[in-house]
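Take a look at the structure set out below.
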Amino acid sequence: MMGLVRSRELWLALTVAAIALATATRAPGFAGAENLLGIFNNTAILMILALGQMTVILTRCIDLSMASNLALTGMIVALVNAAHPAIPVPLLMAMAALVGLCLGALNGALVWRLGIPAIVVTLGTLTIYRGAIFLIAGGQWVNADQMSPDFIQYTRLPFLGLPVLSWYAIVIAAGFFLLMTRTALGRSFYAVGVNPTASVYAGIDVGRTQFTAFCLSGALSGFCGYLWVSRYVIGSVEVARGYELTIVAACVIGGISIAGGVGTVAGALLGALFLGVVNSALPVINISPFWQMAISGAAIILAVILNARSDRRGGRLILRTAEPAQ
Amino acid sequence: MTEPTLALTGISKSFPGVKALNGVSLELYPGEVTALIGENGAGKSTLVKVMTGIYQPDEGQIAVAGTPVTLPSAHAAFEKGITAIHQETVLFDELSVAENIFLGHAPRTRFGTIDWRGMRAEAQRLLTGMGASHISPSARLKELGIANKHLVAVARALSIKADIVIMDEPTAALSHREIEELFALIDMLRRDGRAILFISHKFDEIYRIADRFTVFRDGEMVGKGMVGETGQDEIVRMMVGRSVDQVFPKQEIAIGAPVLRVSGLSHPTEFADISFELNEGEILGFYGLVGAGRSEVMQAIFGITQPSGGTITLDGQPVAPRSPADAVAAGIVYVPEERGKQGVVTELPIFQNISLPSLGKTSRHGFLRLAEEFALSRDYSERLDLRAASLSQSAGTLSGGNQQKVVIAKWLATRPRVIILDEPTKGIDIGSKAAVHAFMGELVAQGLSVIMVSSELPEVMGMSDRIVIMREGRIAGTYANDGRLDAETLVRMAADIAETAA
Amino acid sequence: MKDTSLTARHIPDRLDSPLRAALLSWPSLLLAVAIALFVLNALASPYFLSPWALSDATFNFTEKAIIALAMALLIISGEIDLSVASIIALASTMMGLALQFGVGTPGLVAIGLLTGAACGVFNGLLVTRLALPSIVVTIGTMSFFRGISYITLGDQAFKGYPPSFWYFGQGYVWWVISFEFALFLILAVLFYVLLHRTNFGRQIFVIGNNPVAARFSGVRVERVKFLLFCLTGLMSGVAAVLLTARLASTRPSIAVGWELEVVTMVVLGGVNILGGAGSIQGVVIAAFIMGLVTFGLGLLNVPGIVMSIFIGALLIAVIALPILVRRLRERLTR
């Protein structure tokens with residue numbers, strides 16, 4: 001019971017629900033199932049990206065190149081689709097994930113093999129990947145009329161009452177839940193973040209684990225590249241510009257410690273949902289959407305303060321009387 | 001003769017400025033406990049790192065069950081069945097007890113995923129088998145005390161079913177009852193035919209549990225044999241390379257008036273009701289087991305942590321340092337135990353380390369004057385007989401003993417009233433040790449007052465005027481070191497008398 | 001047995017001559033790169049060597065470089081401030097608001113600088129008082145500060161800054177030397193002295209290398225870090241005045257994405273992103289390199305986004321190359 005009360009995820013879920021309910025008192029339709037599912041669908045891409053970022057942050061790294069990776073991969077599949085509309089979209093999706101994985105692997109290799117800090121590597125590839133979009137597209141945009149109908153539909157088709165976009169997020173989230181809690185790889189992400197030295201002694205290759213995390217975040221970024229271009233029906237240099245920090249923000253709000261080793265799948269999802277609900281709630285209660293940025297900024301600051309509070313320790317336990325009964 | 005499970009021959013390992021291991025060999029036999037004995041800095045921990053694949057030896061061979069192997073990574077050592085139980089650092093605070101035991105070799109379900117239920121059950125079984133059923137497998141490790149964390153580490157080693165088990169000072173933070181339980185476990189492992197390396201410098205434990213011994217001194221193997229056939233004096237002589245009656249250059253100094261008075265100092269979790277006086281020209285020893293709270297008390301006096309109650313007065317004036325800067329300004333300085341982490345800034349040159357707390361004196365209007373810094377640094381480093389090629393050499397390239405001299409020089413340059421030395425000779429070579437001891441004598445002769453925290457009995461008894469004994473965060477007794485005090489009393493006071501008597 | 005007597009042995013101050021050390025340093029390498037770029041540019045475009053063209057080229061990096069000076073100190077101390085571009089936005093917005101109330105040029109400058117410093121105080125308090133990781137805190141304040149700008153302005157803009165104010169972003173102190181550039185040079189000298197010639201600067205290096213040992217040596221770590229956040233905020237305020245004066249308008253999207261360019265400039269300048277090492281000379285040369293690349297490629301009609309590829313690759317290459325060279329040398333000597 002105590003565990004549940006102290007759980008960050010529970011409090012965050014209650015906060016998200018409270019915002020939705022408070023908004024509903026002003027706009028009755030807001031808490032309706034249809035609207036909530038709409039919000040979920042709008043947040044699907046951010047949720048997927050936050051899961052990838054979480055994996056990297058767990059291993060004490062950070063991936064600032066996710067949004068550029070997304071935009072570059074999105075542009076590549078959009079161009080391929082425009083040039084060869086006959087290629088089936090599932091193949092393009094696989095291609096997006098693969099291209100993204102390669103871009104992520106480049107980050108990971110630089111961190112692993114050369115020991116360059118992740119923030120420097122991904123700061124570099126952030127600008128490189130973004131610039132590459134201009135090179136491959138020659139500065140052009142890819143518009144709706146250049147995309148095949150399938151390309152656009154594969155995020156919109158309804159399935160069991162939800163657009164498939166939502167289902168992608170659900171399936172990936174479920175997969176991540178299994179990965180993080182039930183597999184040796186998932187646990188090694190945590191181990192590396194909690195104590196890299198001890199991980200070495202436990203037979204875990206820290207660098208390789210970080211590399212794998214970058215591959216995962218890259219593959220998810222690439223996949224989201226397709227989702228983004230399909231959903232917003234535009235491929236351009238400006239796609240998701242600056243979004244890398246929104247992804248980090250979702251993770252921080254979700255209680256994922258930037259120091260590594262602490263964070264859950266539920267936290268990452270809720271952090272993304274928090275941002276999604278706030279964004280949707282503002283226009284409904286007649287607050288200008290320009291408030292959105294300041295609110296998410298305040299939420300990040302508040303989240304990091306709360307996270308730090310719960311982590312604070314009162315020194316070593318030496319006095320027998322001070323040790324809690326077990 | 002049975003073939004050793006693990007045989008190391010001619011292992012050498014050098015680091016910049018120091019040869020940590022020089023052609024050492026070691027054999028571990030199945031069903032036997034081999035004790036590795038040596039002073040701090042003798043090369044024991046380097047050897048453990050070679051055996052666990054963390055360090056690669058520069059020379060030498062490793063053979064497991066007669067087959068030559070290389071151990072390029074920790075994982076390779078793990079796969080060869082070598083596992084080590086270390087002190088505190090090897091565990092994962094944020095993960096559960098069960099996971100700490102099974103990380104890397106967790107039980108799987110038939111889908112290949114981690115079987116949490118099986119893992120918790122197995123962890124419970126292991127812990128119960130060790131007599132540690134009070135530890136819950138699903139508790140987070142950070143919720144446990146030091147002794148319990150240690151038991152988890154032992155459980156981890158048991159779970160790996162390794163043929164070769166390295167125990168690096170496993171009893172350091174355990175109570176007598178817990179040590180007995182650990183020895184029962186070691187007996188169990190021995191009966192199973194495992195080869196065990198037991199690293200300790202406590203002779204009673206070595207004679208109690210080990211079959212063989214190997215002695216290291218200054219990175220070389222100086223002797224080995226069967227424990228039952230060798231006397232304690234002989235091993236000690238091998239270990240220190242001279243007779244047991246070490247000469248401590250303790251000069252007779254007239255003890256003056258009280259300088260530092262601490263009364264009722266308390267902290268919520270670390271220590272309670274600490275009261276003592278320190279007189280001018282006195283060396284006050286603080287003895288106790290590792291983790292008895294001695295360093296924590298000193299760090300509170302130095303302003304690192306804030307005590308929850310109690311008072312400190314220096315020369316009759318109350319002081320309440322809220323930071324080390326306050327303490328230094330008041331005239332209290334602290335030479336920490338964690339030299340590399342808290343003492344020197346290893347990347348910076350020697351002279352910058354030494355001048356750091358004295359920058360106010362060497363600079364003019366806040367602007368650096370390098371010439372003054374060099375002069376100050378040279379003055380103190382030469383007085384401490386620092387061995388360095390130049391003062392611009394980075395402190396990290398020095399040996400442990402010379403790094404310690406840099407830390408002491410740094411503080412002497414501030415002209416303090418009270419100097420607190422926390423394990424001042426831990427991990428430094430014998431030559432530097434003697435230099436540090438001699439210098440302590442000089443310090444008190446000049447009217448300084450010294451607090452020396454030490455876990456080494458000969459040092460405490462050889463250097464101190466009075467000895468404060470701490471146990472579990474409290475003062476267990478204060479004695480004048482006047483020749484009537486014997487080592488046995490000290491050890492009993494520091495450990496738990498009640499349990500020894502039982 | 002080693003000699004344990006306390007007879008004094010002379011220990012020299014240094015073995016290497018300082019000149020030799022300086023020649024082998026990172027800034028010297030960077031300087032070579034900068035000179036090479038300069039020559040390449042001069043060969044590639046006949047317009048490059050015109051004094052006015054070069055003067056124009058300085059405008060595209062001086063504001064960022066001014067922030068980079070302070071950011072270098074902050075990163076050397078082991079912290080980072082990702083909110084600098086947002087501080088520009090907020091400071092510029094506050095100046096714009098003041099303008100609506102008829103505040104004159106001196107008042108506008110004061111408000112810009114004060115807002116910047118106040119933002120730095122806010123970051124510094126969060127990081128040092130609450131012991132929070134600066135990277136996350138400043139990602140938060142990055143949204144927060146710019147968010148206030150958006151709340152204030154929406155999709156509007158403040159215009160109508162008085163011509164006397166324009167001077168800070170458009171004026172020249174002498175011939176082709178702009179006010180911005182002159183200010184940057186003066187600040188660079190001041191920051192050089194602060195980092196390399198004062199106690200305060202020494203403490204920054206110590207903290208960046210080992211904050212625990214610094215604290216255990218009586219350095220007031222939190223105070224130094226707090227002051228560095230304030231300084232970074234103040235320099236962002238300076239940049240806000242210059243940029244606002246140059247553009248003669250304020251939009252909430254002003255200087256968007258600059259934080260990463262500033263960090264790139266600092267890291268390119270040889271400052272260790274993990275703290276503890278770096279120099280102002282390096283950062284100044286890195287600023288010139290980024291300016292030269294942008295300007296040179298611009299003359300060749302290469303669009304800005306493509307230059308960013310070059311900058312990104314340069315950032316990784318300058319860090320990767322020494323590592324690769326060291327590995328190669330180790331392999332050869334083995």
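Labels used: A, B, ... for chains in the order of the structure tokens, numbers from 1 for residues in each chain, and numbers from 1 for ligands as shown.
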
Return as a PyMOL selection string the full set of residues in range 170-258 of chain C whose backbone-based DSSP assignment is alpha helix (DSSP H). chain C and resi 170+179-197+199-209+211-216+221-247+258

So which residues touch Pro90 in chain A within 12 Å, counting only C-alpha atoms, skipping near sequence neighbours fewer than 3 positions away, as a list in words? Val77, Asn81, Ala86, Ile87, Met93, Ala94, Met95, Ala96, Ala97, Asp150, Phe151, Gln153, Tyr154, Thr155, Phe223, Tyr226 and Leu227 of chain A

Counting only C-alpha atoms, which residues of chain B come no farther than 6 Å from chain C, as a ChimeraX atom specification? /B:324-325,342-343,345,357,366-368,382,385,390-392,431,435

Let me see the file: selected residues, N, CA and C atoms, as an mmCIF file, in the first residue's frame.
data_model
loop_
_atom_site.group_PDB
_atom_site.id
_atom_site.type_symbol
_atom_site.label_atom_id
_atom_site.label_comp_id
_atom_site.auth_asym_id
_atom_site.auth_seq_id
_atom_site.Cartn_x
_atom_site.Cartn_y
_atom_site.Cartn_z
ATOM 1 N N PRO B 324 32.691 23.612 4.815
ATOM 2 C CA PRO B 324 34.123 23.469 5.075
ATOM 3 C C PRO B 324 34.824 24.827 5.058
ATOM 4 N N ALA B 325 34.352 25.736 4.205
ATOM 5 C CA ALA B 325 34.990 27.052 4.143
ATOM 6 C C ALA B 325 34.949 27.716 5.514
ATOM 7 N N GLN B 342 38.034 13.041 -2.489
ATOM 8 C CA GLN B 342 37.755 14.208 -1.665
ATOM 9 C C GLN B 342 39.001 15.015 -1.324
ATOM 10 N N GLY B 343 40.154 14.403 -1.470
ATOM 11 C CA GLY B 343 41.375 15.063 -1.031
ATOM 12 C C GLY B 343 42.041 15.878 -2.123
ATOM 13 N N VAL B 345 42.559 17.073 -6.228
ATOM 14 C CA VAL B 345 41.931 17.163 -7.539
ATOM 15 C C VAL B 345 42.950 16.571 -8.488
ATOM 16 N N PRO B 357 43.268 26.274 -0.812
ATOM 17 C CA PRO B 357 42.607 26.966 0.311
ATOM 18 C C PRO B 357 43.355 28.225 0.745
ATOM 19 N N GLY B 366 42.366 39.433 -5.480
ATOM 20 C CA GLY B 366 41.641 38.402 -6.219
ATOM 21 C C GLY B 366 42.335 37.951 -7.490
ATOM 22 N N PHE B 367 43.469 38.598 -7.841
ATOM 23 C CA PHE B 367 44.200 38.172 -9.028
ATOM 24 C C PHE B 367 45.325 37.204 -8.620
ATOM 25 N N LEU B 368 45.445 36.118 -9.402
ATOM 26 C CA LEU B 368 46.425 35.090 -9.078
ATOM 27 C C LEU B 368 47.834 35.639 -9.165
ATOM 28 N N GLU B 382 58.299 20.509 0.192
ATOM 29 C CA GLU B 382 59.656 20.081 0.554
ATOM 30 C C GLU B 382 59.729 19.712 2.035
ATOM 31 N N ASP B 385 58.719 16.310 2.287
ATOM 32 C CA ASP B 385 59.513 15.389 1.478
ATOM 33 C C ASP B 385 58.681 14.776 0.352
ATOM 34 N N SER B 390 57.939 17.660 -10.804
ATOM 35 C CA SER B 390 57.786 19.107 -10.792
ATOM 36 C C SER B 390 56.470 19.454 -10.134
ATOM 37 N N LEU B 391 56.353 20.705 -9.748
ATOM 38 C CA LEU B 391 55.117 21.128 -9.079
ATOM 39 C C LEU B 391 53.969 21.307 -10.060
ATOM 40 N N SER B 392 54.280 21.271 -11.375
ATOM 41 C CA SER B 392 53.225 21.419 -12.372
ATOM 42 C C SER B 392 52.666 20.077 -12.828
ATOM 43 N N GLY B 431 57.126 3.574 3.358
ATOM 44 C CA GLY B 431 57.990 4.737 3.473
ATOM 45 C C GLY B 431 57.191 6.008 3.738
ATOM 46 N N ALA B 435 56.784 8.656 7.003
ATOM 47 C CA ALA B 435 56.924 10.105 6.852
ATOM 48 C C ALA B 435 55.715 10.822 7.442
#

Show me, as a PDB file with N, CA and C atoms, in the first residue's frame, the residues of chain B whose atoms get within 8 Å of chain A, using only C-alpha atoms for the distance check.
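Printed below is iface.pdb as written:
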ATOM      1  N   THR B  52      39.001 -10.678 -11.944  1.00  0.00           N
ATOM      2  CA  THR B  52      37.608 -10.514 -12.369  1.00  0.00           C
ATOM      3  C   THR B  52      37.504  -9.859 -13.739  1.00  0.00           C
ATOM      4  N   ILE B  54      38.577  -7.003 -14.846  1.00  0.00           N
ATOM      5  CA  ILE B  54      38.455  -5.552 -14.935  1.00  0.00           C
ATOM      6  C   ILE B  54      39.760  -4.953 -15.465  1.00  0.00           C
ATOM      7  N   SER B  73      37.241  -9.404 -20.186  1.00  0.00           N
ATOM      8  CA  SER B  73      36.161  -8.567 -19.665  1.00  0.00           C
ATOM      9  C   SER B  73      35.613  -9.202 -18.406  1.00  0.00           C
ATOM     10  N   ALA B  74      34.829  -8.420 -17.679  1.00  0.00           N
ATOM     11  CA  ALA B  74      34.196  -8.947 -16.480  1.00  0.00           C
ATOM     12  C   ALA B  74      33.279 -10.103 -16.845  1.00  0.00           C
ATOM     13  N   HIS B  75      32.683  -9.989 -18.022  1.00  0.00           N
ATOM     14  CA  HIS B  75      31.762 -11.034 -18.427  1.00  0.00           C
ATOM     15  C   HIS B  75      32.501 -12.353 -18.648  1.00  0.00           C
ATOM     16  N   ALA B  76      33.692 -12.266 -19.228  1.00  0.00           N
ATOM     17  CA  ALA B  76      34.496 -13.470 -19.459  1.00  0.00           C
ATOM     18  C   ALA B  76      34.813 -14.153 -18.131  1.00  0.00           C
ATOM     19  N   PHE B  78      33.141 -13.915 -15.359  1.00  0.00           N
ATOM     20  CA  PHE B  78      31.852 -14.412 -14.890  1.00  0.00           C
ATOM     21  C   PHE B  78      31.548 -15.769 -15.531  1.00  0.00           C
ATOM     22  N   THR B  89      30.496  -0.955  -3.116  1.00  0.00           N
ATOM     23  CA  THR B  89      30.169  -0.376  -4.418  1.00  0.00           C
ATOM     24  C   THR B  89      29.517  -1.303  -5.431  1.00  0.00           C
ATOM     25  N   VAL B  90      29.457  -2.591  -5.195  1.00  0.00           N
ATOM     26  CA  VAL B  90      29.073  -3.467  -6.286  1.00  0.00           C
ATOM     27  C   VAL B  90      27.572  -3.690  -6.410  1.00  0.00           C
ATOM     28  N   LEU B  91      26.767  -2.979  -5.661  1.00  0.00           N
ATOM     29  CA  LEU B  91      25.343  -3.269  -5.710  1.00  0.00           C
ATOM     30  C   LEU B  91      24.543  -2.118  -6.318  1.00  0.00           C
ATOM     31  N   PHE B  92      23.263  -2.383  -6.543  1.00  0.00           N
ATOM     32  CA  PHE B  92      22.389  -1.442  -7.232  1.00  0.00           C
ATOM     33  C   PHE B  92      21.329  -0.912  -6.271  1.00  0.00           C
ATOM     34  N   ASP B  93      21.544   0.301  -5.784  1.00  0.00           N
ATOM     35  CA  ASP B  93      20.656   0.878  -4.779  1.00  0.00           C
ATOM     36  C   ASP B  93      19.186   0.932  -5.194  1.00  0.00           C
ATOM     37  N   GLU B  94      18.943   1.245  -6.462  1.00  0.00           N
ATOM     38  CA  GLU B  94      17.559   1.492  -6.888  1.00  0.00           C
ATOM     39  C   GLU B  94      16.815   0.209  -7.225  1.00  0.00           C
ATOM     40  N   LEU B  95      17.527  -0.913  -7.291  1.00  0.00           N
ATOM     41  CA  LEU B  95      16.859  -2.157  -7.691  1.00  0.00           C
ATOM     42  C   LEU B  95      16.498  -2.987  -6.456  1.00  0.00           C
ATOM     43  N   LEU B 103      20.760 -10.296 -11.026  1.00  0.00           N
ATOM     44  CA  LEU B 103      21.024  -9.529 -12.238  1.00  0.00           C
ATOM     45  C   LEU B 103      22.070 -10.250 -13.093  1.00  0.00           C
ATOM     46  N   GLY B 104      21.732 -10.457 -14.357  1.00  0.00           N
ATOM     47  CA  GLY B 104      22.676 -11.115 -15.251  1.00  0.00           C
ATOM     48  C   GLY B 104      22.455 -12.618 -15.369  1.00  0.00           C
ATOM     49  N   ALA B 106      19.146 -14.155 -14.201  1.00  0.00           N
ATOM     50  CA  ALA B 106      17.813 -14.321 -13.614  1.00  0.00           C
ATOM     51  C   ALA B 106      17.145 -15.573 -14.155  1.00  0.00           C
ATOM     52  N   GLY B 112      11.287 -17.175 -22.249  1.00  0.00           N
ATOM     53  CA  GLY B 112      12.580 -16.505 -22.229  1.00  0.00           C
ATOM     54  C   GLY B 112      12.561 -15.189 -21.497  1.00  0.00           C
ATOM     55  N   THR B 113      11.420 -14.827 -20.914  1.00  0.00           N
ATOM     56  CA  THR B 113      11.370 -13.579 -20.166  1.00  0.00           C
ATOM     57  C   THR B 113      11.735 -13.845 -18.704  1.00  0.00           C
ATOM     58  N   ILE B 114      12.017 -12.737 -17.996  1.00  0.00           N
ATOM     59  CA  ILE B 114      12.445 -12.891 -16.610  1.00  0.00           C
ATOM     60  C   ILE B 114      11.288 -13.394 -15.750  1.00  0.00           C
ATOM     61  N   ASP B 115      11.559 -14.414 -14.966  1.00  0.00           N
ATOM     62  CA  ASP B 115      10.531 -15.007 -14.111  1.00  0.00           C
ATOM     63  C   ASP B 115      10.628 -14.348 -12.725  1.00  0.00           C
ATOM     64  N   TRP B 116       9.866 -13.277 -12.559  1.00  0.00           N
ATOM     65  CA  TRP B 116       9.972 -12.499 -11.311  1.00  0.00           C
ATOM     66  C   TRP B 116       9.568 -13.315 -10.101  1.00  0.00           C
ATOM     67  N   HIS B 134      15.032 -12.208   7.316  1.00  0.00           N
ATOM     68  CA  HIS B 134      14.390 -10.924   7.611  1.00  0.00           C
ATOM     69  C   HIS B 134      14.483  -9.954   6.443  1.00  0.00           C
ATOM     70  N   ILE B 135      15.318 -10.262   5.447  1.00  0.00           N
ATOM     71  CA  ILE B 135      15.420  -9.375   4.288  1.00  0.00           C
ATOM     72  C   ILE B 135      14.374  -9.788   3.258  1.00  0.00           C
ATOM     73  N   SER B 136      13.541  -8.830   2.862  1.00  0.00           N
ATOM     74  CA  SER B 136      12.510  -9.139   1.885  1.00  0.00           C
ATOM     75  C   SER B 136      13.078  -9.034   0.477  1.00  0.00           C
ATOM     76  N   GLY B 145      20.259  -1.475   5.651  1.00  0.00           N
ATOM     77  CA  GLY B 145      21.484  -0.995   6.299  1.00  0.00           C
ATOM     78  C   GLY B 145      22.703  -1.678   5.694  1.00  0.00           C
ATOM     79  N   ILE B 146      23.887  -1.262   6.150  1.00  0.00           N
ATOM     80  CA  ILE B 146      25.123  -1.749   5.540  1.00  0.00           C
ATOM     81  C   ILE B 146      25.275  -3.258   5.678  1.00  0.00           C
ATOM     82  N   PRO B 268      20.609  12.727  12.904  1.00  0.00           N
ATOM     83  CA  PRO B 268      19.452  11.813  12.946  1.00  0.00           C
ATOM     84  C   PRO B 268      19.791  10.348  12.699  1.00  0.00           C
ATOM     85  N   THR B 269      20.693  10.063  11.753  1.00  0.00           N
ATOM     86  CA  THR B 269      20.922   8.653  11.422  1.00  0.00           C
ATOM     87  C   THR B 269      22.360   8.203  11.613  1.00  0.00           C
ATOM     88  N   GLU B 270      23.300   9.153  11.776  1.00  0.00           N
ATOM     89  CA  GLU B 270      24.703   8.748  11.702  1.00  0.00           C
ATOM     90  C   GLU B 270      25.395   8.610  13.058  1.00  0.00           C
ATOM     91  N   PHE B 271      25.111   9.542  13.987  1.00  0.00           N
ATOM     92  CA  PHE B 271      25.787   9.447  15.281  1.00  0.00           C
ATOM     93  C   PHE B 271      24.949  10.177  16.331  1.00  0.00           C
ATOM     94  N   ALA B 272      25.214   9.848  17.584  1.00  0.00           N
ATOM     95  CA  ALA B 272      24.436  10.460  18.657  1.00  0.00           C
ATOM     96  C   ALA B 272      25.336  10.737  19.856  1.00  0.00           C
ATOM     97  N   GLY B 291      32.672   1.862   9.383  1.00  0.00           N
ATOM     98  CA  GLY B 291      31.245   2.120   9.436  1.00  0.00           C
ATOM     99  C   GLY B 291      30.728   2.393  10.834  1.00  0.00           C
ATOM    100  N   ALA B 292      31.621   2.727  11.772  1.00  0.00           N
ATOM    101  CA  ALA B 292      31.168   3.017  13.132  1.00  0.00           C
ATOM    102  C   ALA B 292      30.724   4.466  13.293  1.00  0.00           C
ATOM    103  N   GLY B 293      30.903   5.261  12.236  1.00  0.00           N
ATOM    104  CA  GLY B 293      30.431   6.641  12.291  1.00  0.00           C
ATOM    105  C   GLY B 293      31.516   7.647  12.623  1.00  0.00           C
ATOM    106  N   GLU B 472      28.844   1.870  16.398  1.00  0.00           N
ATOM    107  CA  GLU B 472      27.487   2.124  15.916  1.00  0.00           C
ATOM    108  C   GLU B 472      27.025   3.552  16.185  1.00  0.00           C
ATOM    109  N   GLY B 473      27.887   4.503  15.874  1.00  0.00           N
ATOM    110  CA  GLY B 473      27.492   5.899  15.936  1.00  0.00           C
ATOM    111  C   GLY B 473      27.568   6.530  17.321  1.00  0.00           C
ATOM    112  N   ARG B 474      28.053   5.776  18.308  1.00  0.00           N
ATOM    113  CA  ARG B 474      28.161   6.341  19.648  1.00  0.00           C
ATOM    114  C   ARG B 474      29.566   6.134  20.195  1.00  0.00           C
TER     115      ARG B 474
END

Closest-contact table, chain A side, partner chain C, 6 Å, counting only C-alpha atoms, as a Markdown table:
| residue | atom | partner | partner_atom | distance |
| --- | --- | --- | --- | --- |
| A:Gly124 | CA | C:Gly312 | CA | 4.1 |
| A:Thr127 | CA | C:Gly312 | CA | 5.4 |
| A:Ile128 | CA | C:Ile309 | CA | 4.2 |
| A:Gly131 | CA | C:Val306 | CA | 5.1 |
| A:Phe290 | CA | C:Ile151 | CA | 5.3 |
| A:Trp291 | CA | C:Ile151 | CA | 5.4 |
| A:Met293 | CA | C:Gly147 | CA | 4.5 |
| A:Ala294 | CA | C:Gly147 | CA | 3.8 |
| A:Gly297 | CA | C:Phe144 | CA | 4.3 |
| A:Ala298 | CA | C:Phe144 | CA | 5.9 |
| A:Ile300 | CA | C:Gly140 | CA | 5.0 |
| A:Ile301 | CA | C:Gly140 | CA | 5.3 |

Take the residues just selected and output them with C-alpha atoms as a tab-separated table (two decimals), in the first residue's frame.
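Below is the file again_4.tsv, written as the result:
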chain	number	residue	atom	x	y	z
A	124	GLY	CA	26.25	17.29	-33.48
A	127	THR	CA	22.30	19.59	-36.80
A	128	ILE	CA	23.77	17.07	-39.25
A	131	GLY	CA	20.85	19.61	-42.59
A	290	PHE	CA	0.40	30.67	-26.25
A	291	TRP	CA	0.23	29.68	-22.56
A	293	MET	CA	4.91	26.67	-23.50
A	294	ALA	CA	5.10	28.40	-20.13
A	297	GLY	CA	8.09	24.72	-18.63
A	298	ALA	CA	6.60	25.19	-15.18
A	300	ILE	CA	9.13	20.43	-15.92
A	301	ILE	CA	10.54	22.58	-13.13

Shell of 9 Å around Phe40 in chain A, only C-alpha atoms, local chain residues under 3 positions omitted, as a ChimeraX atom specification: /A:35-37,43-44,166,273,276-277

Near Glu122 in chain B, counting only C-alpha atoms, which residues have an atom at most 9 Å away, once you skip same-chain residues fewer than 6 positions from it, shown as a PDB file with N, CA and C atoms, in the first residue's frame?
ATOM      1  N   ALA B  98      15.971  -9.000  -4.756  1.00  0.00           N
ATOM      2  CA  ALA B  98      15.987 -10.171  -5.623  1.00  0.00           C
ATOM      3  C   ALA B  98      16.779  -9.882  -6.890  1.00  0.00           C
ATOM      4  N   PRO B 107      16.303 -16.224 -13.335  1.00  0.00           N
ATOM      5  CA  PRO B 107      15.523 -17.350 -13.845  1.00  0.00           C
ATOM      6  C   PRO B 107      14.568 -16.884 -14.951  1.00  0.00           C
ATOM      7  N   SER B 159      24.306 -17.411  -5.493  1.00  0.00           N
ATOM      8  CA  SER B 159      23.355 -17.709  -6.564  1.00  0.00           C
ATOM      9  C   SER B 159      24.071 -18.004  -7.871  1.00  0.00           C
TER      10      SER B 159
END

Choose the residue, out of A:Arg241, A:Ala17, A:Ala82, A:Ala174, that has the smallest atom-to-atom separation from Phe30 in chain A; count only C-alpha atoms.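 Checking each of A:Arg241, A:Ala17, A:Ala82, A:Ala174 against Phe30 in chain A, counting only C-alpha atoms, the winner is A:Ala17.
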
Contact residues around range 71-73 of chain A with only C-alpha atoms at 7 Å, ignoring same-chain residues under 6 positions, as a VMD selection string: chain A and resid 96 99 to 100 129 to 130 133 222 225 239 to 240

For Gly139 in chain A, which residue among A:Gly235, A:Gly267, A:Gly260, A:Pro117 is the nearest when counting only C-alpha atoms?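 That would be A:Gly235, the residue with the smallest distance to Gly139 in chain A.
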